[in-house]
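Here is upload12.cif, consisting of mmCIF, C-alpha atoms:
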data_run
loop_
_atom_site.group_PDB
_atom_site.id
_atom_site.type_symbol
_atom_site.label_atom_id
_atom_site.label_comp_id
_atom_site.auth_asym_id
_atom_site.auth_seq_id
_atom_site.Cartn_x
_atom_site.Cartn_y
_atom_site.Cartn_z
ATOM 1 C CA MET S 1 -32.528 -163.428 128.359
ATOM 2 C CA ALA S 2 -34.616 -166.183 126.787
ATOM 3 C CA ALA S 3 -36.219 -163.641 124.456
ATOM 4 C CA LEU S 4 -32.775 -162.426 123.361
ATOM 5 C CA VAL S 5 -31.659 -165.986 122.594
ATOM 6 C CA ILE S 6 -34.795 -166.592 120.498
ATOM 7 C CA LEU S 7 -34.210 -163.323 118.645
ATOM 8 C CA LEU S 8 -30.600 -164.276 117.884
ATOM 9 C CA ILE S 9 -31.727 -167.693 116.593
ATOM 10 C CA ARG S 10 -34.309 -166.080 114.278
ATOM 11 C CA VAL S 11 -31.773 -163.545 112.973
ATOM 12 C CA SER S 12 -29.235 -166.331 112.345
ATOM 13 C CA LEU S 13 -31.875 -168.375 110.506
ATOM 14 C CA CYS S 14 -32.831 -165.412 108.309
ATOM 15 C CA ILE S 15 -29.166 -164.784 107.449
ATOM 16 C CA PHE S 16 -28.736 -168.483 106.581
ATOM 17 C CA LEU S 17 -31.786 -168.414 104.325
ATOM 18 C CA LEU S 18 -30.666 -165.273 102.533
ATOM 19 C CA LEU S 19 -27.159 -166.631 101.967
ATOM 20 C CA ASN S 20 -28.616 -169.817 100.505
ATOM 21 C CA GLY S 21 -31.110 -168.037 98.245
ATOM 22 C CA VAL S 22 -34.245 -169.153 100.082
ATOM 23 C CA GLU S 23 -37.140 -166.760 100.547
ATOM 24 C CA ALA S 24 -39.207 -166.787 103.703
ATOM 25 C CA GLY S 25 -42.301 -168.979 103.409
ATOM 26 C CA ARG S 26 -41.022 -170.743 100.301
ATOM 27 C CA GLN S 27 -39.226 -173.987 99.636
ATOM 28 C CA ALA S 28 -35.704 -173.938 98.270
ATOM 29 C CA ARG S 29 -35.696 -173.841 94.492
ATOM 30 C CA ILE S 30 -34.908 -177.329 93.329
ATOM 31 C CA SER S 31 -34.205 -178.806 89.924
ATOM 32 C CA GLY S 32 -37.184 -181.132 89.986
ATOM 33 C CA GLY S 33 -39.742 -178.348 90.433
ATOM 34 C CA GLU S 34 -41.257 -175.963 92.962
ATOM 35 C CA GLU S 35 -44.776 -174.593 93.191
ATOM 36 C CA VAL S 36 -45.131 -170.866 92.574
ATOM 37 C CA SER S 37 -47.919 -168.310 92.126
ATOM 38 C CA ILE S 38 -48.952 -166.476 88.969
ATOM 39 C CA LYS S 39 -46.942 -163.491 90.247
ATOM 40 C CA ASP S 40 -43.807 -165.531 89.518
ATOM 41 C CA VAL S 41 -44.959 -166.433 85.987
ATOM 42 C CA PRO S 42 -47.438 -163.678 84.956
ATOM 43 C CA TYR S 43 -46.870 -164.367 81.262
ATOM 44 C CA MET S 44 -48.114 -167.961 81.475
ATOM 45 C CA GLY S 45 -51.639 -169.022 80.603
ATOM 46 C CA THR S 46 -53.551 -172.121 79.580
ATOM 47 C CA LEU S 47 -55.694 -173.324 76.711
ATOM 48 C CA ARG S 48 -58.894 -175.072 77.783
ATOM 49 C CA LYS S 49 -61.950 -176.697 76.254
ATOM 50 C CA LEU S 50 -64.903 -174.380 76.797
ATOM 51 C CA GLN S 51 -67.515 -177.112 77.241
ATOM 52 C CA ASN S 52 -65.535 -178.842 79.991
ATOM 53 C CA GLU S 53 -64.750 -175.568 81.751
ATOM 54 C CA SER S 54 -68.441 -174.676 81.906
ATOM 55 C CA MET S 55 -68.981 -177.749 84.084
ATOM 56 C CA SER S 56 -65.870 -177.663 86.284
ATOM 57 C CA ALA S 57 -62.968 -175.188 86.408
ATOM 58 C CA GLY S 58 -59.747 -176.805 85.236
ATOM 59 C CA SER S 59 -61.390 -179.854 83.675
ATOM 60 C CA GLY S 60 -60.885 -178.447 80.172
ATOM 61 C CA PHE S 61 -57.119 -177.981 80.493
ATOM 62 C CA ILE S 62 -55.287 -178.819 77.246
ATOM 63 C CA CYS S 63 -51.887 -177.143 77.176
ATOM 64 C CA VAL S 64 -49.825 -174.222 78.385
ATOM 65 C CA ALA S 65 -49.520 -171.005 76.351
ATOM 66 C CA THR S 66 -47.375 -167.894 76.791
ATOM 67 C CA ALA S 67 -48.455 -164.286 76.228
ATOM 68 C CA ILE S 68 -45.837 -162.461 74.132
ATOM 69 C CA GLN S 69 -47.825 -159.330 73.294
ATOM 70 C CA ASN S 70 -51.406 -158.051 73.220
ATOM 71 C CA ARG S 71 -53.785 -160.712 71.857
ATOM 72 C CA VAL S 72 -50.920 -163.083 70.982
ATOM 73 C CA LEU S 73 -49.873 -166.315 72.710
ATOM 74 C CA ILE S 74 -47.398 -169.010 71.702
ATOM 75 C CA THR S 75 -47.859 -172.736 72.207
ATOM 76 C CA THR S 76 -47.102 -175.951 70.308
ATOM 77 C CA ALA S 77 -48.869 -176.941 67.103
ATOM 78 C CA PHE S 78 -49.665 -180.312 68.661
ATOM 79 C CA CYS S 79 -51.887 -178.611 71.249
ATOM 80 C CA ILE S 80 -54.302 -177.108 68.720
ATOM 81 C CA TYR S 81 -53.811 -179.224 65.582
ATOM 82 C CA ARG S 82 -56.999 -181.294 65.957
ATOM 83 C CA GLN S 83 -59.019 -178.751 67.925
ATOM 84 C CA THR S 84 -61.729 -176.300 66.874
ATOM 85 C CA ARG S 85 -60.963 -172.759 67.981
ATOM 86 C CA GLU S 86 -64.614 -171.968 68.728
ATOM 87 C CA ASN S 87 -64.452 -174.644 71.428
ATOM 88 C CA ILE S 88 -61.218 -173.372 73.028
ATOM 89 C CA VAL S 89 -60.569 -170.456 75.384
ATOM 90 C CA ALA S 90 -57.364 -168.967 76.767
ATOM 91 C CA VAL S 91 -57.146 -168.370 80.519
ATOM 92 C CA ILE S 92 -54.576 -165.971 82.003
ATOM 93 C CA GLY S 93 -53.983 -164.132 85.267
ATOM 94 C CA ASN S 94 -54.859 -166.990 87.620
ATOM 95 C CA THR S 95 -52.633 -169.100 89.845
ATOM 96 C CA TYR S 96 -54.860 -172.100 90.378
ATOM 97 C CA ILE S 97 -56.232 -174.382 87.682
ATOM 98 C CA ARG S 98 -59.224 -175.333 89.796
ATOM 99 C CA GLY S 99 -60.139 -171.911 91.093
ATOM 100 C CA LEU S 100 -61.154 -168.338 90.280
ATOM 101 C CA SER S 101 -59.615 -164.967 91.089
ATOM 102 C CA PRO S 102 -60.389 -161.259 90.438
ATOM 103 C CA THR S 103 -57.484 -161.057 87.977
ATOM 104 C CA MET S 104 -58.436 -164.145 85.991
ATOM 105 C CA LYS S 105 -59.308 -163.488 82.330
ATOM 106 C CA VAL S 106 -61.070 -165.948 80.027
ATOM 107 C CA LEU S 107 -60.511 -164.998 76.392
ATOM 108 C CA LYS S 108 -62.124 -166.282 73.223
ATOM 109 C CA ILE S 109 -59.910 -167.369 70.342
ATOM 110 C CA ALA S 110 -60.151 -165.210 67.208
ATOM 111 C CA ASP S 111 -57.743 -167.292 65.136
ATOM 112 C CA TRP S 112 -54.640 -169.434 65.282
ATOM 113 C CA ARG S 113 -52.008 -170.761 62.945
ATOM 114 C CA TRP S 114 -49.332 -173.423 63.138
ATOM 115 C CA HIS S 115 -46.212 -173.787 61.044
ATOM 116 C CA GLY S 116 -46.978 -174.989 57.527
ATOM 117 C CA LEU S 117 -44.327 -177.728 57.666
ATOM 118 C CA TYR S 118 -45.567 -179.239 60.917
ATOM 119 C CA LYS S 119 -46.583 -182.902 60.832
ATOM 120 C CA TYR S 120 -48.759 -184.250 63.613
ATOM 121 C CA ASN S 121 -46.908 -185.864 66.512
ATOM 122 C CA GLU S 122 -43.452 -184.841 65.246
ATOM 123 C CA TRP S 123 -41.025 -182.492 67.001
ATOM 124 C CA ALA S 124 -39.924 -180.519 63.945
ATOM 125 C CA TYR S 125 -41.779 -177.241 63.285
ATOM 126 C CA ASP S 126 -43.999 -177.820 66.315
ATOM 127 C CA ILE S 127 -44.984 -174.221 66.988
ATOM 128 C CA ALA S 128 -48.247 -172.259 66.864
ATOM 129 C CA LEU S 129 -49.616 -168.755 67.426
ATOM 130 C CA VAL S 130 -52.955 -168.219 69.169
ATOM 131 C CA PHE S 131 -54.769 -164.894 68.705
ATOM 132 C CA THR S 132 -57.401 -163.855 71.241
ATOM 133 C CA SER S 133 -60.547 -161.851 70.469
ATOM 134 C CA GLN S 134 -60.120 -159.614 73.517
ATOM 135 C CA ASP S 135 -57.148 -157.591 74.639
ATOM 136 C CA ILE S 136 -54.611 -159.097 77.007
ATOM 137 C CA VAL S 137 -54.306 -156.074 79.280
ATOM 138 C CA PRO S 138 -51.212 -156.155 81.526
ATOM 139 C CA VAL S 139 -51.855 -156.158 85.275
ATOM 140 C CA LYS S 140 -48.680 -155.551 87.264
ATOM 141 C CA GLY S 141 -47.396 -158.774 88.761
ATOM 142 C CA VAL S 142 -50.290 -160.860 87.424
ATOM 143 C CA ILE S 143 -50.565 -160.465 83.643
ATOM 144 C CA GLU S 144 -47.457 -159.580 81.640
ATOM 145 C CA TYR S 145 -45.859 -160.290 78.261
ATOM 146 C CA LEU S 146 -42.701 -162.356 77.823
ATOM 147 C CA PRO S 147 -40.830 -161.116 74.722
ATOM 148 C CA ILE S 148 -39.400 -163.698 72.362
ATOM 149 C CA THR S 149 -35.639 -164.116 72.328
ATOM 150 C CA GLN S 150 -33.541 -162.315 69.749
ATOM 151 C CA GLY S 151 -30.325 -164.240 70.311
ATOM 152 C CA VAL S 152 -28.732 -167.675 70.518
ATOM 153 C CA PHE S 153 -27.937 -169.113 73.945
ATOM 154 C CA ARG S 154 -24.602 -170.663 74.754
ATOM 155 C CA PRO S 155 -24.465 -174.188 76.157
ATOM 156 C CA ASN S 156 -24.991 -174.358 79.907
ATOM 157 C CA THR S 157 -27.082 -171.168 79.997
ATOM 158 C CA ARG S 158 -29.265 -171.190 83.095
ATOM 159 C CA CYS S 159 -33.000 -171.072 82.302
ATOM 160 C CA ILE S 160 -36.346 -171.581 84.027
ATOM 161 C CA PHE S 161 -39.022 -173.993 82.808
ATOM 162 C CA CYS S 162 -42.629 -173.247 83.808
ATOM 163 C CA SER S 163 -45.785 -175.353 83.590
ATOM 164 C CA TRP S 164 -48.759 -176.712 85.493
ATOM 165 C CA GLY S 165 -48.249 -180.337 84.625
ATOM 166 C CA ALA S 166 -49.935 -183.304 86.213
ATOM 167 C CA ASP S 167 -49.250 -186.065 88.653
ATOM 168 C CA THR S 168 -49.036 -188.943 86.207
ATOM 169 C CA THR S 169 -49.509 -191.509 88.962
ATOM 170 C CA ALA S 170 -52.873 -190.017 89.906
ATOM 171 C CA ALA S 171 -53.679 -188.409 86.523
ATOM 172 C CA VAL S 172 -54.600 -185.178 88.337
ATOM 173 C CA LEU S 173 -53.367 -181.715 87.390
ATOM 174 C CA HIS S 174 -51.270 -179.791 89.862
ATOM 175 C CA ASN S 175 -53.461 -176.941 91.058
ATOM 176 C CA ALA S 176 -50.629 -174.403 91.041
ATOM 177 C CA PRO S 177 -47.869 -173.847 88.456
ATOM 178 C CA TYR S 178 -44.320 -174.958 89.146
ATOM 179 C CA ILE S 179 -40.874 -173.938 87.961
ATOM 180 C CA ALA S 180 -37.742 -175.998 87.439
ATOM 181 C CA LEU S 181 -34.179 -174.855 86.779
ATOM 182 C CA ARG S 182 -32.697 -176.050 83.480
ATOM 183 C CA ARG S 183 -29.455 -175.601 81.534
ATOM 184 C CA THR S 184 -29.112 -175.511 77.749
ATOM 185 C CA THR S 185 -27.070 -178.057 75.782
ATOM 186 C CA SER S 186 -25.060 -177.617 72.603
ATOM 187 C CA LYS S 187 -26.949 -177.698 69.306
ATOM 188 C CA MET S 188 -25.037 -180.789 68.195
ATOM 189 C CA GLU S 189 -25.955 -182.726 71.328
ATOM 190 C CA CYS S 190 -29.574 -181.642 70.985
ATOM 191 C CA TYR S 191 -29.770 -182.740 67.357
ATOM 192 C CA LYS S 192 -28.394 -186.167 68.264
ATOM 193 C CA ARG S 193 -31.189 -186.553 70.802
ATOM 194 C CA SER S 194 -34.073 -185.107 68.783
ATOM 195 C CA LEU S 195 -33.075 -185.766 65.153
ATOM 196 C CA ALA S 196 -35.129 -182.674 64.359
ATOM 197 C CA ALA S 197 -34.249 -179.172 63.218
ATOM 198 C CA GLY S 198 -35.397 -176.128 65.161
ATOM 199 C CA VAL S 199 -35.264 -177.901 68.534
ATOM 200 C CA MET S 200 -33.313 -176.885 71.637
ATOM 201 C CA CYS S 201 -32.525 -179.131 74.604
ATOM 202 C CA THR S 202 -32.041 -178.553 78.302
ATOM 203 C CA TYR S 203 -30.686 -180.812 81.003
ATOM 204 C CA ASP S 204 -30.347 -181.130 84.738
ATOM 205 C CA LEU S 205 -28.600 -183.786 86.757
ATOM 206 C CA ALA S 206 -31.649 -184.164 88.987
ATOM 207 C CA ARG S 207 -34.657 -186.055 87.688
ATOM 208 C CA VAL S 208 -37.268 -183.778 86.123
ATOM 209 C CA VAL S 209 -40.869 -183.705 87.227
ATOM 210 C CA ASP S 210 -42.883 -186.291 85.280
ATOM 211 C CA ILE S 211 -43.495 -184.882 81.812
ATOM 212 C CA ASN S 212 -46.779 -185.576 80.060
ATOM 213 C CA ARG S 213 -49.049 -184.009 77.491
ATOM 214 C CA PHE S 214 -50.370 -181.451 79.990
ATOM 215 C CA ASP S 215 -46.907 -179.868 80.148
ATOM 216 C CA LEU S 216 -46.738 -179.254 76.389
ATOM 217 C CA GLY S 217 -46.330 -175.605 75.450
ATOM 218 C CA GLY S 218 -44.734 -174.754 78.792
ATOM 219 C CA PRO S 219 -42.347 -171.787 78.392
ATOM 220 C CA LEU S 220 -38.606 -171.918 78.839
ATOM 221 C CA LYS S 221 -37.390 -168.507 80.008
ATOM 222 C CA CYS S 222 -33.744 -167.631 79.438
ATOM 223 C CA ASN S 223 -32.377 -164.147 80.161
ATOM 224 C CA ASN S 224 -35.936 -162.855 80.696
ATOM 225 C CA THR S 225 -37.067 -163.868 77.208
ATOM 226 C CA LEU S 226 -39.091 -166.740 75.774
ATOM 227 C CA ALA S 227 -36.462 -169.171 74.509
ATOM 228 C CA GLY S 228 -38.580 -172.265 73.894
ATOM 229 C CA VAL S 229 -41.885 -174.097 74.337
ATOM 230 C CA LEU S 230 -41.893 -177.635 75.657
ATOM 231 C CA LEU S 231 -42.193 -180.560 73.250
ATOM 232 C CA GLY S 232 -41.388 -183.460 75.607
ATOM 233 C CA ASN S 233 -38.407 -185.290 77.063
ATOM 234 C CA THR S 234 -35.961 -187.944 75.896
ATOM 235 C CA SER S 235 -34.913 -189.080 79.367
ATOM 236 C CA ASP S 236 -35.254 -188.191 83.028
ATOM 237 C CA GLU S 237 -32.633 -185.487 82.532
ATOM 238 C CA TYR S 238 -33.206 -184.044 79.075
ATOM 239 C CA MET S 239 -36.176 -181.954 77.938
ATOM 240 C CA LEU S 240 -36.853 -180.791 74.368
ATOM 241 C CA PHE S 241 -38.212 -177.398 73.326
ATOM 242 C CA THR S 242 -39.070 -175.660 70.083
ATOM 243 C CA ASP S 243 -36.258 -173.138 69.565
ATOM 244 C CA ILE S 244 -38.000 -169.763 69.465
ATOM 245 C CA TYR S 245 -34.963 -168.009 67.991
ATOM 246 C CA MET S 246 -35.060 -170.291 64.956
ATOM 247 C CA PHE S 247 -38.705 -169.341 64.331
ATOM 248 C CA ARG S 248 -38.581 -165.640 65.218
ATOM 249 C CA LYS S 249 -39.180 -164.512 61.613
ATOM 250 C CA TRP S 250 -42.073 -166.953 61.218
ATOM 251 C CA ILE S 251 -43.551 -165.616 64.476
ATOM 252 C CA ASN S 252 -43.206 -161.993 63.379
ATOM 253 C CA ALA S 253 -44.642 -162.769 59.942
ATOM 254 C CA GLY S 254 -47.585 -164.670 61.451
ATOM 255 C CA ILE S 255 -48.416 -161.756 63.758
ATOM 256 C CA TYR S 256 -48.119 -159.307 60.861
ATOM 257 C CA MET S 257 -50.434 -161.361 58.661
ATOM 258 C CA HIS S 258 -53.042 -161.794 61.378
ATOM 259 C CA PHE S 259 -53.330 -158.123 62.252
ATOM 260 C CA ASN S 260 -53.322 -157.138 58.576
ATOM 261 C CA GLY S 261 -56.131 -159.487 57.601
ATOM 262 C CA ILE S 262 -54.096 -162.054 55.664
ATOM 263 C CA VAL S 263 -55.512 -165.548 56.075
ATOM 264 C CA ALA S 264 -53.360 -168.447 57.206
ATOM 265 C CA LEU S 265 -51.645 -170.362 54.419
ATOM 266 C CA ARG S 266 -52.936 -173.795 53.459
ATOM 267 C CA ALA S 267 -51.077 -176.602 51.757
ATOM 268 C CA SER S 268 -53.462 -176.472 48.772
ATOM 269 C CA CYS S 269 -53.171 -172.754 48.046
ATOM 270 C CA PHE S 270 -50.399 -170.190 48.080
ATOM 271 C CA GLN S 271 -51.549 -166.881 46.598
ATOM 272 C CA TRP S 272 -48.855 -164.677 45.107
ATOM 273 C CA HIS S 273 -49.849 -161.544 47.051
ATOM 274 C CA VAL S 274 -49.452 -163.431 50.318
ATOM 275 C CA ALA S 275 -45.947 -164.460 49.321
ATOM 276 C CA VAL S 276 -45.099 -160.870 48.419
ATOM 277 C CA ALA S 277 -46.480 -159.583 51.732
ATOM 278 C CA ILE S 278 -44.367 -162.054 53.699
ATOM 279 C CA ALA S 279 -41.241 -161.253 51.696
ATOM 280 C CA VAL S 280 -41.675 -157.481 52.128
ATOM 281 C CA TYR S 281 -42.329 -157.810 55.845
ATOM 282 C CA LEU S 282 -39.266 -159.993 56.467
ATOM 283 C CA ILE S 283 -37.069 -157.557 54.518
ATOM 284 C CA ILE S 284 -38.161 -154.438 56.427
ATOM 285 C CA SER S 285 -38.458 -156.096 59.879
#
Will you turn the file into structure tokens for me?
Amino acid sequence: MAALVILLIRVSLCIFLLLNGVEAGRQARISGGEEVSIKDVPYMGTLRKLQNESMSAGSGFICVATAIQNRVLITTAFCIYRQTRENIVAVIGNTYIRGLSPTMKVLKIADWRWHGLYKYNEWAYDIALVFTSQDIVPVKGVIEYLPITQGVFRPNTRCIFCSWGADTTAAVLHNAPYIALRRTTSKMECYKRSLAAGVMCTYDLARVVDINRFDLGGPLKCNNTLAGVLLGNTSDEYMLFTDIYMFRKWINAGIYMHFNGIVALRASCFQWHVAVAIAVYLIIS
């Protein structure tokens, strides 16, 4: 009889958890953030300083980056603007910052490029592509690509923000990534908050997890696509992201130029054949 009562209690608890969207062994998903494993965010990686990593795993953490296709990741321009690519590596396929796993891949950087109109420490045009030397080979449930969005999201669209972040009170990185539920705002409201073009905003009534420079580049996933990369926050409720949709043609052109051997543009030179190549690609894409 006692065993039957215990069984009924367990069944009732399981039904309650299922009805409330809670998985066994996991906390309820909350707005402020919940720790997850790499299986929940297999497209997310990190950029790290090689010299620091050689001494202690996780100590070289710079920013978050997102794999969108083979050998291509997206992050913010701020994350790489004053770095040297020979001193940076991309790490994917691993849940813990301070730890190793059989699926973890450490990739050298072949090249990178940020938007030509980006100005350091400004939100506008804060986007960059990172190209790895080795292939980013998908491993089911551990390493995957997150395609960039091809559409505009309506206000109040439900999205998921992902990052590793840090405890700002202790200045120590979280060892595991976390996710937080977000909702998009209108473009007008976002512009009033950011005063920058090409930026999208999200909000939540609950206070967000402390945002700091370690969160930069964190992906915003809406409708199973990459909708934005984190720039920062304007309040406890509102977070700002580079709007991937607004830069989709720049992203496609940058990938095309990299894999076709066209060097990144510099402010001091703009060769005519590069301009023609970009124009042709954007017309036929």
Which residue of S:Ile74, S:Met239, S:Ala90, S:Val64 approaches Arg113 of chain S most closely, using all atoms listed in the file: S:Ile74
Residues selected by the PyMOL selection byres ((chain S and resi 184) around 8), written as a PyMOL selection string: chain S and resi 153-159+182-183+185-186+200-203
Evaluate the PyMOL selection byres ((chain S and resi 81) around 10) and report residues as an MDAnalysis selection string: chainID S and resid 76:80 82:85 112:114 118:121 126 128
Would you output that residue set with C-alpha atoms, as a CSV table (one decimal), in the frame of the given file?
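Saved the output as result-v6.csv:
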chain,number,residue,atom,x,y,z
S,76,THR,CA,-47.1,-176.0,70.3
S,77,ALA,CA,-48.9,-176.9,67.1
S,78,PHE,CA,-49.7,-180.3,68.7
S,79,CYS,CA,-51.9,-178.6,71.2
S,80,ILE,CA,-54.3,-177.1,68.7
S,82,ARG,CA,-57.0,-181.3,66.0
S,83,GLN,CA,-59.0,-178.8,67.9
S,84,THR,CA,-61.7,-176.3,66.9
S,85,ARG,CA,-61.0,-172.8,68.0
S,112,TRP,CA,-54.6,-169.4,65.3
S,113,ARG,CA,-52.0,-170.8,62.9
S,114,TRP,CA,-49.3,-173.4,63.1
S,118,TYR,CA,-45.6,-179.2,60.9
S,119,LYS,CA,-46.6,-182.9,60.8
S,120,TYR,CA,-48.8,-184.2,63.6
S,121,ASN,CA,-46.9,-185.9,66.5
S,126,ASP,CA,-44.0,-177.8,66.3
S,128,ALA,CA,-48.2,-172.3,66.9
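Taking atom CA of Ile38 of chain S and atom CA of Pro177 of chain S as endpoints, the distance between them is 7.5 Å.
If all atoms listed in the file are the atoms counted, then among S:Asp204, S:Glu34, S:Glu53, S:Asp243 the closest residue to Thr149 of chain S is S:Asp243.
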Top pick for closest residue to Leu216 of chain S, considering S:Ala253, S:Ile127, S:Ala110, S:Val72 and counting all atoms listed in the file: S:Ile127
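Proximity to Glu189 of chain S was assessed for S:Leu240, S:Ile148, S:Arg248, S:Ala67 counting all atoms listed in the file; the smallest distance is recorded for S:Leu240.
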Å distance separating atom CA of Gly45 of chain S from atom CA of Ile92 of chain S, one decimal place: 4.5 Å
Atom CA of Ser163 of chain S to atom CA of Tyr245 of chain S, straight-line distance in Å: 20.4 Å
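The smallest atom-to-atom distance between Ser59 of chain S and any of S:Leu231, S:Asn87, S:Met246, S:Leu173, using all atoms listed in the file, is found for S:Leu173.
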Selection result of the PyMOL selection byres ((chain S and resi 226) around 10) on this file, as a PyMOL selection string: chain S and resi 43+66-68+74+145-150+159-160+219-225+227-229+243-245
Selection file, C-alpha atoms, as a short mmCIF file (atom, residue, chain, number, x, y, z; two decimals), in the coordinates of the input:
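File written: again_31.cif
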data_model
loop_
_atom_site.label_atom_id
_atom_site.label_comp_id
_atom_site.auth_asym_id
_atom_site.auth_seq_id
_atom_site.Cartn_x
_atom_site.Cartn_y
_atom_site.Cartn_z
CA TYR S 43 -46.87 -164.37 81.26
CA THR S 66 -47.38 -167.89 76.79
CA ALA S 67 -48.46 -164.29 76.23
CA ILE S 68 -45.84 -162.46 74.13
CA ILE S 74 -47.40 -169.01 71.70
CA TYR S 145 -45.86 -160.29 78.26
CA LEU S 146 -42.70 -162.36 77.82
CA PRO S 147 -40.83 -161.12 74.72
CA ILE S 148 -39.40 -163.70 72.36
CA THR S 149 -35.64 -164.12 72.33
CA GLN S 150 -33.54 -162.32 69.75
CA CYS S 159 -33.00 -171.07 82.30
CA ILE S 160 -36.35 -171.58 84.03
CA PRO S 219 -42.35 -171.79 78.39
CA LEU S 220 -38.61 -171.92 78.84
CA LYS S 221 -37.39 -168.51 80.01
CA CYS S 222 -33.74 -167.63 79.44
CA ASN S 223 -32.38 -164.15 80.16
CA ASN S 224 -35.94 -162.85 80.70
CA THR S 225 -37.07 -163.87 77.21
CA ALA S 227 -36.46 -169.17 74.51
CA GLY S 228 -38.58 -172.26 73.89
CA VAL S 229 -41.88 -174.10 74.34
CA ASP S 243 -36.26 -173.14 69.56
CA ILE S 244 -38.00 -169.76 69.46
CA TYR S 245 -34.96 -168.01 67.99
#
Distance criterion (only C-alpha atoms): nearest to Ala176 of chain S out of S:Ser235, S:Gln69, S:Asn260, S:Asn94: S:Asn94
Spatial neighbours of Leu107 of chain S, max dist 12 Å, only C-alpha atoms, sep filter under 2 positions, as a PyMOL selection string: chain S and resi 45-50+70-73+85-93+104-105+109-111+130-137
Any chance you could export the current selection's C-alpha atoms as a short mmCIF file (atom, residue, chain, number, x, y, z; two decimals), in the coordinates of the input?
data_model
loop_
_atom_site.label_atom_id
_atom_site.label_comp_id
_atom_site.auth_asym_id
_atom_site.auth_seq_id
_atom_site.Cartn_x
_atom_site.Cartn_y
_atom_site.Cartn_z
CA GLY S 45 -51.64 -169.02 80.60
CA THR S 46 -53.55 -172.12 79.58
CA LEU S 47 -55.69 -173.32 76.71
CA ARG S 48 -58.89 -175.07 77.78
CA LYS S 49 -61.95 -176.70 76.25
CA LEU S 50 -64.90 -174.38 76.80
CA ASN S 70 -51.41 -158.05 73.22
CA ARG S 71 -53.78 -160.71 71.86
CA VAL S 72 -50.92 -163.08 70.98
CA LEU S 73 -49.87 -166.32 72.71
CA ARG S 85 -60.96 -172.76 67.98
CA GLU S 86 -64.61 -171.97 68.73
CA ASN S 87 -64.45 -174.64 71.43
CA ILE S 88 -61.22 -173.37 73.03
CA VAL S 89 -60.57 -170.46 75.38
CA ALA S 90 -57.36 -168.97 76.77
CA VAL S 91 -57.15 -168.37 80.52
CA ILE S 92 -54.58 -165.97 82.00
CA GLY S 93 -53.98 -164.13 85.27
CA MET S 104 -58.44 -164.14 85.99
CA LYS S 105 -59.31 -163.49 82.33
CA ILE S 109 -59.91 -167.37 70.34
CA ALA S 110 -60.15 -165.21 67.21
CA ASP S 111 -57.74 -167.29 65.14
CA VAL S 130 -52.96 -168.22 69.17
CA PHE S 131 -54.77 -164.89 68.70
CA THR S 132 -57.40 -163.86 71.24
CA SER S 133 -60.55 -161.85 70.47
CA GLN S 134 -60.12 -159.61 73.52
CA ASP S 135 -57.15 -157.59 74.64
CA ILE S 136 -54.61 -159.10 77.01
CA VAL S 137 -54.31 -156.07 79.28
#
